[in-house]
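This report concerns only the one structure given below.
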Amino acid sequence: MLWPLAVGSLIHLLVRSATGTASDLAILWRSGASLADGGPLYDSDLEFIYPPLAGWLLAPLGLLPFRDAVVVVVVAGMAAVVAATVLLLRLVGVRADSAVLPGVLLLLAHSRPLMGLLDQGNVDTVLLLAEAGVIALLLARHDVWAGALLGTVCAVKPTLIPVVLALVVLGRGRALLAAAVSGTVLTVLGLLTVPDRDVFFTGVLPLLAGGNRDQLAPFNRSIHGAAVELGLPAWLDAGLRVAAFAVACWVAWRRRSGPMAPLEVVPLLMLGTLLASSFTWANYGIYLLPLLVTVGRRDSLVRTWPAWTGVYLFATQDAWHVEDLAELPDTLLRLLPLWGWLLLLGACAVAAHRSSTGRGGAEPGPRADAEIARIMTAESPRRGSAASSR
């Protein structure tokens, strides 16, 4: 029952996105085409705000007609999300032939984050696969490869920079060093090979530090965006941002030693960054998928109804708009993703506080190590074993 629903929904989303406007990709395509022709990477309006290395990765797309580039990016993005979902579910012991997989894909196909990313031709779908890859490598104790992958991704688009802090919390020094080396080398390489590298420092970085362009303020779903929309004082804005990030760090610290710690610590710090950043798109909620797939574990932080109420709020489509609604209620409804993220963080904090030291923060024992080894080597218990009987 679930497979036809999931596949049909994904195909419909794929076709609709591949034939849509792809507004985000239009910006990337123009900059890539300019760089491929020997021109500048950054436009005069600073619509392109990626690091220089991203320009070279996008240059081949600039050689294609725009509609063909849209099809390539949308198909690649859909494939990346499906691959990330399969990998993350595998990490928590869910096989590809389980009914859980089409169920999760069906929900994703109708979720606000995935629909928005594919409709706009955004590349964050590929970054979700990179996030899942880093987590999988950390669980397999391939720290150098995990760090190298993370550094490479951050040199292209620094959305996953909070994962660097996750490496600190997890105590993965080798991964941290590998991320620093690969990220620095590739960033310098990108800076040395684009003609207008100075714009990245004089225009792009100050723009991002200030919370992006003013005309995008109505789309900002961070605490700062809500503070601006609601007219809150600057001191309260700063205090709320610091508090939200501190809570996320506290929860991540509590869960740093569990057998599946990277699956929780990485998305928790991504969640804290979504809340505390100067600018956050609603679609960035897709980076929380690794945390959500842990719901099947007894010690999961998201095994409560408030957590999934939060998921509904940030994952639902924009179906709550009411015509002629007063300004304040309309603003509060537009900020639904923010309320969902805050509710999810609060539910995780309560669950972390209630969990005992033995369940939430103890070092993994032999049985936990055996479970991880079985998952990572794709081995499953035999049906006739005593463990299966129990």
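In the structure tokens, the first chain shown is A, the next is B, and so on; residue numbers restart at 1 for each chain, and ligands run from 1 in the order shown.
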
- prompt: How would you write, as a PyMOL selection string, the set of residues in region 23-239 of chain A that DSSP gives as alpha helix (DSSP H)?
  reply: chain A and resi 23-36+52-62+66-91+100-109+112-119+124-139+143-156+162-170+173-193+198-199+205-209+223-230+234-239

Using only C-alpha atoms, what table do you get, as a Markdown table, when you list each residue of region 282-363 of chain A with an atom no more than 9 Å from region 226-231 of chain A, its nearest pair of atoms, and their distance in Å rounded to one decimal, rows by chain then rising number?
| residue | atom | partner | partner_atom | distance |
| --- | --- | --- | --- | --- |
| A:Leu328 | CA | A:Leu230 | CA | 7.8 |
| A:Thr331 | CA | A:Glu229 | CA | 7.3 |
| A:Leu332 | CA | A:Ala226 | CA | 8.7 |
| A:Leu335 | CA | A:Ala226 | CA | 7.1 |
| A:Leu338 | CA | A:Ala226 | CA | 8.1 |

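Atom pair CA of Asn122 (chain A) / CA of Leu25 (chain A) has a distance of 6.1 Å (rounded to one decimal).
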
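All residues of protein, DNA or RNA that reach within 8 Å of Ala69 (chain A), judged by only C-alpha atoms and not counting those fewer than 6 positions away in the chain, are Trp29, Leu61 and Gly62 of chain A.
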
Show me, as a short mmCIF file (atom, residue, chain, number, x, y, z; two decimals) with N, CA and C atoms, in the first residue's frame, the residues that have an atom within 10 Å of Tyr42 (chain A) when counting only C-alpha atoms, minus same-chain residues fewer than 2 positions from it.
data_model
loop_
_atom_site.label_atom_id
_atom_site.label_comp_id
_atom_site.auth_asym_id
_atom_site.auth_seq_id
_atom_site.Cartn_x
_atom_site.Cartn_y
_atom_site.Cartn_z
N LEU A 28 22.12 30.55 -9.23
CA LEU A 28 23.33 29.74 -9.31
C LEU A 28 23.74 29.52 -10.76
N ARG A 30 23.15 31.41 -13.41
CA ARG A 30 23.71 32.63 -14.02
C ARG A 30 25.15 32.86 -13.59
N SER A 31 25.43 32.66 -12.31
CA SER A 31 26.80 32.86 -11.82
C SER A 31 27.74 31.80 -12.38
N GLY A 32 27.28 30.55 -12.45
CA GLY A 32 28.11 29.50 -13.03
C GLY A 32 28.40 29.75 -14.49
N SER A 34 28.48 32.69 -15.97
CA SER A 34 29.40 33.82 -16.06
C SER A 34 30.83 33.38 -15.80
N LEU A 35 31.03 32.54 -14.79
CA LEU A 35 32.38 32.07 -14.48
C LEU A 35 32.91 31.19 -15.60
N GLY A 39 33.95 35.38 -16.92
CA GLY A 39 33.49 36.59 -16.26
C GLY A 39 33.53 36.47 -14.75
N PRO A 40 32.95 37.45 -14.05
CA PRO A 40 32.95 37.42 -12.58
C PRO A 40 31.95 36.39 -12.05
N SER A 44 26.29 42.03 -9.34
CA SER A 44 26.29 43.34 -8.69
C SER A 44 25.30 43.42 -7.54
N ASP A 45 24.22 42.64 -7.60
CA ASP A 45 23.21 42.66 -6.54
C ASP A 45 23.51 41.65 -5.43
N LEU A 46 24.60 40.92 -5.55
CA LEU A 46 25.01 39.91 -4.57
C LEU A 46 23.89 38.90 -4.31
N GLU A 47 23.28 38.43 -5.39
CA GLU A 47 22.30 37.36 -5.23
C GLU A 47 23.01 36.02 -5.01
N PHE A 48 24.17 35.86 -5.63
CA PHE A 48 24.98 34.65 -5.43
C PHE A 48 25.86 34.87 -4.20
N ILE A 49 25.66 34.06 -3.16
CA ILE A 49 26.36 34.28 -1.89
C ILE A 49 27.08 33.02 -1.43
N TYR A 50 27.43 32.12 -2.36
CA TYR A 50 28.16 30.92 -2.01
C TYR A 50 29.66 31.20 -2.03
N PRO A 51 30.47 30.37 -1.38
CA PRO A 51 31.93 30.50 -1.48
C PRO A 51 32.40 30.30 -2.92
N PRO A 52 33.60 30.78 -3.26
CA PRO A 52 34.09 30.70 -4.65
C PRO A 52 34.14 29.29 -5.21
N GLY A 55 31.28 28.09 -7.25
CA GLY A 55 31.16 28.59 -8.61
C GLY A 55 31.68 27.61 -9.64
N VAL A 194 39.08 32.39 -8.76
CA VAL A 194 37.98 33.22 -9.29
C VAL A 194 38.48 34.66 -9.42
N PRO A 195 38.05 35.37 -10.45
CA PRO A 195 38.59 36.71 -10.70
C PRO A 195 38.14 37.76 -9.70
N ASP A 196 36.97 37.61 -9.11
CA ASP A 196 36.45 38.64 -8.19
C ASP A 196 36.40 38.12 -6.76
N ARG A 197 37.49 37.51 -6.32
CA ARG A 197 37.54 36.91 -4.98
C ARG A 197 37.33 37.94 -3.87
N ASP A 198 37.73 39.19 -4.11
CA ASP A 198 37.60 40.22 -3.07
C ASP A 198 36.14 40.46 -2.68
N VAL A 199 35.22 40.24 -3.61
CA VAL A 199 33.80 40.48 -3.32
C VAL A 199 33.31 39.55 -2.22
N PHE A 200 33.88 38.37 -2.13
CA PHE A 200 33.46 37.43 -1.10
C PHE A 200 33.71 38.01 0.29
N GLY A 203 31.72 41.92 0.31
CA GLY A 203 30.28 41.97 0.10
C GLY A 203 29.52 40.82 0.70
N VAL A 204 29.94 39.58 0.37
CA VAL A 204 29.16 38.41 0.76
C VAL A 204 29.16 38.20 2.28
#

query: Taking only C-alpha atoms into account, which of A:Ile286, A:Leu275, A:Leu170, A:Val100 comes nearest Ala238 (chain A)?
result: A:Leu275

field: Selection: 12 Å around Tyr284 (chain A), only C-alpha atoms, excl. self and same-chain fewer than 4 positions, as a PyMOL selection string
entry: chain A and resi 111-117+122-125+127-128+159-160+220-222+267+270-275+277+279-280+288-289+314-315+337-338+341

Saved selection, atoms kept: C-alpha atoms, as a tab-separated table (two decimals), in the first residue's frame:
chain	number	residue	atom	x	y	z
A	111	SER	CA	6.70	17.90	3.64
A	112	ARG	CA	7.35	21.59	3.38
A	113	PRO	CA	11.18	21.36	3.45
A	114	LEU	CA	11.56	18.88	0.58
A	115	MET	CA	8.84	20.45	-1.55
A	116	GLY	CA	10.35	23.89	-1.11
A	117	LEU	CA	13.92	22.80	-1.83
A	122	ASN	CA	18.09	24.26	-4.24
A	123	VAL	CA	21.20	22.15	-3.59
A	124	ASP	CA	20.54	21.56	0.12
A	125	THR	CA	19.04	18.21	-0.81
A	127	LEU	CA	23.88	18.50	1.52
A	128	LEU	CA	21.40	16.29	3.41
A	159	THR	CA	25.46	25.28	5.93
A	160	LEU	CA	26.94	22.24	7.71
A	220	ASN	CA	13.45	34.61	7.90
A	221	ARG	CA	12.31	31.90	10.31
A	222	SER	CA	15.04	32.22	12.94
A	267	PRO	CA	21.09	17.40	14.07
A	270	MET	CA	21.96	22.03	13.43
A	271	LEU	CA	18.67	22.76	15.23
A	272	GLY	CA	20.36	25.17	17.62
A	273	THR	CA	21.95	26.97	14.68
A	274	LEU	CA	18.63	27.23	12.83
A	275	LEU	CA	17.20	29.01	15.84
A	277	SER	CA	21.27	32.22	13.17
A	279	PHE	CA	18.84	34.23	8.86
A	280	THR	CA	17.23	30.79	8.44
A	288	LEU	CA	16.76	17.39	11.27
A	289	LEU	CA	15.89	14.10	9.55
A	314	PHE	CA	7.79	23.01	10.73
A	315	ALA	CA	7.10	20.32	8.13
A	337	PRO	CA	8.43	26.64	11.39
A	338	LEU	CA	10.07	28.58	14.23
A	341	TRP	CA	11.70	24.04	16.01

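Of the listed residues (A:Gln120, A:Thr193, A:Thr309, A:Ser355), A:Thr309 comes nearest to Gly340 (chain A); the distances count only C-alpha atoms.
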
Rows by chain and residue number, region 223-336 of chain A within 12 Å of region 139-149 of chain A, shortest pair, only C-alpha atoms, as a tab-separated table:
residue	atom	partner	partner_atom	distance
A:Ser257	CA	A:Leu139	CA	11.8
A:Gly258	CA	A:Leu139	CA	10.9
A:Pro259	CA	A:Leu139	CA	8.5
A:Met260	CA	A:Leu139	CA	7.1
A:Ala261	CA	A:Leu139	CA	8.2
A:Pro262	CA	A:Leu139	CA	6.8
A:Leu263	CA	A:Leu139	CA	8.4
A:Glu264	CA	A:Leu139	CA	11.5
A:Val265	CA	A:Leu139	CA	11.9
A:Val266	CA	A:Leu139	CA	11.8

Same residues, N, CA and C atoms, output as a PDB file, in the first residue's frame:
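Saved to again.pdb:
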ATOM      1  N   SER A 257      27.767  10.552  24.501  1.00  0.00           N
ATOM      2  CA  SER A 257      28.432   9.267  24.710  1.00  0.00           C
ATOM      3  C   SER A 257      27.552   8.066  24.407  1.00  0.00           C
ATOM      4  N   GLY A 258      26.356   8.275  23.923  1.00  0.00           N
ATOM      5  CA  GLY A 258      25.487   7.165  23.607  1.00  0.00           C
ATOM      6  C   GLY A 258      25.996   6.373  22.412  1.00  0.00           C
ATOM      7  N   PRO A 259      25.511   5.155  22.230  1.00  0.00           N
ATOM      8  CA  PRO A 259      25.996   4.313  21.133  1.00  0.00           C
ATOM      9  C   PRO A 259      25.707   4.893  19.759  1.00  0.00           C
ATOM     10  N   MET A 260      24.656   5.713  19.638  1.00  0.00           N
ATOM     11  CA  MET A 260      24.313   6.325  18.360  1.00  0.00           C
ATOM     12  C   MET A 260      24.424   7.843  18.451  1.00  0.00           C
ATOM     13  N   ALA A 261      25.383   8.332  19.229  1.00  0.00           N
ATOM     14  CA  ALA A 261      25.496   9.758  19.531  1.00  0.00           C
ATOM     15  C   ALA A 261      25.537  10.656  18.297  1.00  0.00           C
ATOM     16  N   PRO A 262      26.306  10.337  17.228  1.00  0.00           N
ATOM     17  CA  PRO A 262      26.330  11.246  16.072  1.00  0.00           C
ATOM     18  C   PRO A 262      24.962  11.483  15.450  1.00  0.00           C
ATOM     19  N   LEU A 263      24.081  10.487  15.493  1.00  0.00           N
ATOM     20  CA  LEU A 263      22.735  10.647  14.933  1.00  0.00           C
ATOM     21  C   LEU A 263      21.927  11.685  15.688  1.00  0.00           C
ATOM     22  N   GLU A 264      22.283  11.944  16.933  1.00  0.00           N
ATOM     23  CA  GLU A 264      21.565  12.928  17.735  1.00  0.00           C
ATOM     24  C   GLU A 264      22.322  14.247  17.830  1.00  0.00           C
ATOM     25  N   VAL A 265      23.617  14.180  18.093  1.00  0.00           N
ATOM     26  CA  VAL A 265      24.399  15.390  18.335  1.00  0.00           C
ATOM     27  C   VAL A 265      24.442  16.279  17.092  1.00  0.00           C
ATOM     28  N   VAL A 266      24.664  15.684  15.922  1.00  0.00           N
ATOM     29  CA  VAL A 266      24.767  16.477  14.695  1.00  0.00           C
ATOM     30  C   VAL A 266      23.482  17.256  14.424  1.00  0.00           C
TER      31      VAL A 266
END

statement: Separating CA of Thr202 (chain A) from CA of Asp43 (chain A), to the nearest tenth of an Å, is a gap of 13.1 Å

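Between Ala347 (chain A) and the residues A:Phe245, A:Trp250, A:Trp305, A:Trp281, the shortest atom-to-atom distance, using only C-alpha atoms, involves A:Trp305.
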
Distance query region 17-24 of chain A at most 8 Å, only C-alpha atoms, self and fewer than 3 positions along chain excluded, as a PyMOL selection string: chain A and resi 13-14+27-28+67+70-71+74-75+118-122

Could you save the residues just selected, with N, CA and C atoms, as a tab-separated table (two decimals), in the first residue's frame?
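Listing of part.tsv after writing:
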chain	number	residue	atom	x	y	z
A	13	LEU	N	6.09	15.18	-7.40
A	13	LEU	CA	6.94	16.27	-6.93
A	13	LEU	C	8.11	16.50	-7.88
A	14	LEU	N	8.68	15.43	-8.40
A	14	LEU	CA	9.80	15.53	-9.32
A	14	LEU	C	9.39	16.26	-10.60
A	27	ILE	N	19.68	31.75	-9.99
A	27	ILE	CA	20.79	32.57	-9.50
A	27	ILE	C	22.11	31.81	-9.65
A	28	LEU	N	22.12	30.55	-9.23
A	28	LEU	CA	23.33	29.74	-9.31
A	28	LEU	C	23.74	29.52	-10.76
A	67	ARG	N	16.66	25.20	-18.67
A	67	ARG	CA	15.67	24.17	-18.40
A	67	ARG	C	16.32	22.80	-18.22
A	70	VAL	N	17.81	22.69	-14.77
A	70	VAL	CA	16.79	22.46	-13.74
A	70	VAL	C	16.50	20.98	-13.60
A	71	VAL	N	16.34	20.28	-14.72
A	71	VAL	CA	16.06	18.86	-14.67
A	71	VAL	C	17.20	18.10	-13.99
A	74	VAL	N	17.15	18.91	-10.12
A	74	VAL	CA	15.99	18.35	-9.43
A	74	VAL	C	16.10	16.83	-9.32
A	75	VAL	N	16.50	16.18	-10.40
A	75	VAL	CA	16.66	14.72	-10.36
A	75	VAL	C	17.76	14.33	-9.39
A	118	LEU	N	13.07	21.38	-3.63
A	118	LEU	CA	13.02	20.91	-5.02
A	118	LEU	C	12.34	21.93	-5.93
A	119	ASP	N	11.29	22.56	-5.46
A	119	ASP	CA	10.60	23.58	-6.26
A	119	ASP	C	11.54	24.73	-6.62
A	120	GLN	N	12.43	25.08	-5.70
A	120	GLN	CA	13.34	26.20	-5.93
A	120	GLN	C	14.65	25.78	-6.60
A	121	GLY	N	14.82	24.48	-6.83
A	121	GLY	CA	16.07	24.02	-7.43
A	121	GLY	C	17.25	24.21	-6.52
A	122	ASN	N	17.03	24.02	-5.23
A	122	ASN	CA	18.09	24.26	-4.24
A	122	ASN	C	18.98	23.02	-4.10

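Interatomic distance, CA of Phe66 (chain A) to CA of Gly38 (chain A): 18.5 Å.
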
query: Of the candidates A:Pro290, A:Gly346, A:Gly133, A:Gly8, which shows the shortest atom-to-atom distance to Val92 (chain A), using only C-alpha atoms?
result: A:Pro290

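Using only C-alpha atoms, the shortest contact distance between Leu336 (chain A) and any of A:Val293, A:Leu64, A:Ile223, A:Ala349 is found at A:Ile223.
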
task: Tell me which protein, DNA and RNA residues are within 12 Å of Val185 (chain A), counting only C-alpha atoms, leaving out same-chain ones fewer than 6 positions away, and put them as a PyMOL selection string.
output: chain A and resi 53+148+151-152+154-156+178-179+191-192

Those residues you just picked out, can you put them in a file as a PDB file, in the first residue's frame with N, CA and C atoms?
ATOM      1  N   LEU A  53      34.492  28.297  -4.382  1.00  0.00           N
ATOM      2  CA  LEU A  53      34.595  26.938  -4.906  1.00  0.00           C
ATOM      3  C   LEU A  53      33.275  26.471  -5.500  1.00  0.00           C
ATOM      4  N   ALA A 148      37.072  14.829   6.307  1.00  0.00           N
ATOM      5  CA  ALA A 148      37.396  15.281   4.949  1.00  0.00           C
ATOM      6  C   ALA A 148      36.132  15.609   4.170  1.00  0.00           C
ATOM      7  N   GLY A 151      34.657  18.930   5.611  1.00  0.00           N
ATOM      8  CA  GLY A 151      35.409  20.100   5.173  1.00  0.00           C
ATOM      9  C   GLY A 151      35.148  20.437   3.720  1.00  0.00           C
ATOM     10  N   THR A 152      35.044  19.410   2.883  1.00  0.00           N
ATOM     11  CA  THR A 152      34.760  19.631   1.462  1.00  0.00           C
ATOM     12  C   THR A 152      33.407  20.284   1.267  1.00  0.00           C
ATOM     13  N   CYS A 154      31.662  22.061   3.445  1.00  0.00           N
ATOM     14  CA  CYS A 154      31.648  23.423   3.985  1.00  0.00           C
ATOM     15  C   CYS A 154      32.371  24.407   3.074  1.00  0.00           C
ATOM     16  N   ALA A 155      33.351  23.920   2.306  1.00  0.00           N
ATOM     17  CA  ALA A 155      34.043  24.792   1.360  1.00  0.00           C
ATOM     18  C   ALA A 155      33.152  25.155   0.184  1.00  0.00           C
ATOM     19  N   VAL A 156      32.131  24.334  -0.077  1.00  0.00           N
ATOM     20  CA  VAL A 156      31.191  24.595  -1.161  1.00  0.00           C
ATOM     21  C   VAL A 156      30.011  25.431  -0.665  1.00  0.00           C
ATOM     22  N   ALA A 178      40.872  16.793  10.098  1.00  0.00           N
ATOM     23  CA  ALA A 178      40.661  16.521   8.674  1.00  0.00           C
ATOM     24  C   ALA A 178      39.701  17.533   8.059  1.00  0.00           C
ATOM     25  N   ALA A 179      38.668  17.914   8.805  1.00  0.00           N
ATOM     26  CA  ALA A 179      37.717  18.903   8.305  1.00  0.00           C
ATOM     27  C   ALA A 179      38.387  20.259   8.124  1.00  0.00           C
ATOM     28  N   LEU A 191      39.310  30.563  -3.778  1.00  0.00           N
ATOM     29  CA  LEU A 191      39.609  31.996  -3.747  1.00  0.00           C
ATOM     30  C   LEU A 191      40.672  32.371  -4.775  1.00  0.00           C
ATOM     31  N   LEU A 192      41.629  31.497  -4.969  1.00  0.00           N
ATOM     32  CA  LEU A 192      42.734  31.805  -5.886  1.00  0.00           C
ATOM     33  C   LEU A 192      42.335  31.680  -7.354  1.00  0.00           C
TER      34      LEU A 192
END
